Structure formats: structure tokens, C-alpha cells
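> Sharing a structure with you now.
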Amino acid sequence: MSLVMVIEDEEAISMLLSYNLEKEGFEVAVVANGMNAVSEIERLMPSVIILDWMLPEISGVEICKLIRSKPDIKNIPVIMLTAKSQEEDKIKGLGAGADDYVTKPFSVPELMARVKTNMRRAPLFEEKEKIITFEDISMDLVERKVKRGENYLHLSPTEFRLLKMLLKEPGKVFSREVLLKSVWGENIYVESRTVDVHIRRLRKSLNQYGPDYIRTVRANGYAIDKNALVENDSADLEEDE
Ligand code: CA
């Protein structure tokens, strides 16, 4: 399941795009405020970005330049969306680093085709980063699939991002606050208890096929750790109701 990010302040358009992208089988994240765009891209690492040119606080062209200046996200394909149909604007958009350009009013099937083409064109991750593993758990960042041994796990997007955080630095203890900020984002209010709920679901999925590798560090947070089982047995697990 690949994630497409739609950066667009007009709700009618972002809703139309979300509906159609989801119908095509993509996961969709809408960002209405351009000021949050770059931090949201860094957090969610979409496979393709549909970026509106006309945003209230920062233009799509500026966002595109920012994307291209950041090593972690600079290879994500950007499709610029705009009402401007003049040739010089098109050149400006492509000059800022957009991979493609669609003029409003756009044809939905054409835009969907462009999304697919761009998704194929630019591999998001270097080969070494495509799959991250810990023991018998492997996560394919491009296909967005998780396997334990030979079994595929069905994780929600939130659980996927949680697991990704833990897998990237095995042994490191992440506090609930850090997990909240990087998995849910800074601008969304959720209680730290929400982390426990999602960890419990993640654990349930993972533990179907092997021992418990998610270590609960009481009053502190969570880590992925091979010796988790021993520690969890003696700990008073807050997330087990
Ligand atoms: Ca707009």
C-alpha cells in the first residue's frame, strides 16, 4: 500500500483526490496547511506528492524547493497541481524541481495515471534501505509490507509507522512523547495512552508468529529488543488491561 500525499488547501479538490486515490488502492494523507507540509512529508514519507501551486501561506513552488533541498525527502516525486496554464509558469514549476505538472481543471483518470507513472519512475529509497529487518521481522518500506518469518502481517498505517520507528533503532527506548510526535505528528492532539493502545495492537499482530520483541520500559516507553520477553514477564504491563 503506497502513500500519496495531497497538499492542497481547497477541501473540494483534496476530497475529490482522496476519494479517487483510495479507489485506486492508495493510502492518502491530506495536508491543507502548506506550513506543515515539509514536516508532514518527513514524518510520513509518501511515495508521491501532489502539490498545489496556490496555497495561502507558502507557495507550492517554495515547498517544492524545500523538498529538493532535504536529502531524506528530495527523491520523492512531486506532481504540481495548478490553475496556471501559462507556459512560463510551467517552466518555473519544473525549475523548482517538480517531476510533473497537471493543470486545473484536471481529468481525474489522467492524474491517476500520472501518479502511477511517477511512483514507478523514482525509487524512494536506496536499495540498502528498502527493507529493514530485526530478527525474523522484516519491513518493506517501498511495498509497505511487514513479514514475520514467512507470514505477512496486517498492520494499520499507524502501527506500521510505530513499528518502523522501533525497527530503525533496535534497543533504543522511545518515550511515548517521542512516538506521539513522530508517528501522529505535532499538530494533532492525542493522549499518550493512545500509544499504548496501538502498541498493544502491534504486539498482538507480531506475536501471532513468534516471541514478544517489544520491550515495555515502565514509565518510559518502548523499544524493540530480543530480550523483551524476559523483562516484560516481570514488568507490570500497563497496556495489558
Ligand atoms: Ca489552492
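Residues are named by chain letter and number: chains run A, B, ... in the order of the C-alpha cells, numbers start at 1 in each chain, and ligands are numbered from 1 in the order shown.
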Using only C-alpha atoms, which protein or nucleic acid residues come within 10 Å of region 199-202 of chain A? Drop anything in the same chain fewer than 5 positions from it, and give the result as a ChimeraX atom specification.
/A:153-156,158-160,162-163,193-194,207,214,216,222,239-240
> So that each row is one residue of chain A with an atom at most 6 Å from ligand 1, can you give its shortest atom pair and the distance in Å to one decimal, using only C-alpha atoms and all ligand atoms, rows by chain and rising number, as a Markdown table?

| residue | atom | partner | partner_atom_place_in_ligand_line | distance |
| --- | --- | --- | --- | --- |
| A:Glu8 | CA | ligand 1 | 1 (Ca) | 5.4 |
| A:Asp9 | CA | ligand 1 | 1 (Ca) | 4.9 |
| A:Glu10 | CA | ligand 1 | 1 (Ca) | 5.3 |
| A:Asp52 | CA | ligand 1 | 1 (Ca) | 5.7 |
| A:Met54 | CA | ligand 1 | 1 (Ca) | 4.3 |
| A:Leu55 | CA | ligand 1 | 1 (Ca) | 4.8 |
> Which residues are close to Glu24 (chain A), i.e. within 12 Å by only C-alpha atoms, leaving aside same-chain residues fewer than 6 positions away? Reply as a PyMOL selection string.
chain A and resi 1-4+17-18+108-109+111-113+115-116
> Restricting it to N, CA and C atoms, dump the selection as a JSON list (two decimals), in the first residue's frame.

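Written output follows (again-v5.json):
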[["chain", "number", "residue", "atom", "x", "y", "z"],
["A", 1, "MET", "N", 0.85, -1.19, 0.00],
["A", 1, "MET", "CA", 0.00, 0.00, 0.00],
["A", 1, "MET", "C", 0.89, 1.24, 0.00],
["A", 2, "SER", "N", 0.85, 1.99, -1.08],
["A", 2, "SER", "CA", 1.70, 3.18, -1.15],
["A", 2, "SER", "C", 0.93, 4.41, -0.71],
["A", 3, "LEU", "N", 1.65, 5.31, -0.09],
["A", 3, "LEU", "CA", 1.03, 6.53, 0.43],
["A", 3, "LEU", "C", 1.22, 7.70, -0.55],
["A", 4, "VAL", "N", 0.10, 8.36, -0.88],
["A", 4, "VAL", "CA", 0.15, 9.56, -1.70],
["A", 4, "VAL", "C", -0.22, 10.74, -0.80],
["A", 17, "LEU", "N", -9.65, 14.17, -4.76],
["A", 17, "LEU", "CA", -8.42, 13.40, -4.97],
["A", 17, "LEU", "C", -8.34, 12.22, -4.02],
["A", 18, "SER", "N", -8.66, 12.45, -2.74],
["A", 18, "SER", "CA", -8.61, 11.36, -1.76],
["A", 18, "SER", "C", -9.51, 10.21, -2.19],
["A", 108, "VAL", "N", -9.49, 13.43, -13.82],
["A", 108, "VAL", "CA", -9.13, 12.50, -12.74],
["A", 108, "VAL", "C", -8.36, 11.28, -13.27],
["A", 109, "PRO", "N", -8.87, 10.60, -14.32],
["A", 109, "PRO", "CA", -8.12, 9.43, -14.81],
["A", 109, "PRO", "C", -6.69, 9.78, -15.23],
["A", 111, "LEU", "N", -4.80, 12.24, -14.02],
["A", 111, "LEU", "CA", -3.98, 12.47, -12.83],
["A", 111, "LEU", "C", -3.62, 11.15, -12.14],
["A", 112, "MET", "N", -4.58, 10.21, -12.11],
["A", 112, "MET", "CA", -4.30, 8.90, -11.50],
["A", 112, "MET", "C", -3.18, 8.20, -12.27],
["A", 113, "ALA", "N", -3.23, 8.32, -13.59],
["A", 113, "ALA", "CA", -2.19, 7.70, -14.42],
["A", 113, "ALA", "C", -0.84, 8.33, -14.14],
["A", 115, "VAL", "N", 0.10, 9.73, -11.35],
["A", 115, "VAL", "CA", 0.55, 9.28, -10.02],
["A", 115, "VAL", "C", 1.26, 7.93, -10.16],
["A", 116, "LYS", "N", 0.64, 7.02, -10.90],
["A", 116, "LYS", "CA", 1.24, 5.68, -11.06],
["A", 116, "LYS", "C", 2.57, 5.75, -11.79]]
> Write out as number ranges by chain all residues of region 61-196 of chain A that DSSP puts in strand (DSSP E or B) for this structure's backbone.
A: 78-82, 100-103, 131-134, 137-140, 145-148, 151-153, 174-175
> Residues within 9 Å of Val78 (chain A), please, as JSON, numbers by chain. Count only C-alpha atoms; anything in the same chain fewer than 5 positions from it doesn't count.
{"A": [48, 49, 50, 51, 64, 97, 98, 99, 100, 101, 118]}
> Could you check the closest approach to Met80 (chain A) for each of A:Gly60, A:Gly171, A:Gly149, A:Gly95 and tell me which residue wins, using only C-alpha atoms?
A:Gly60
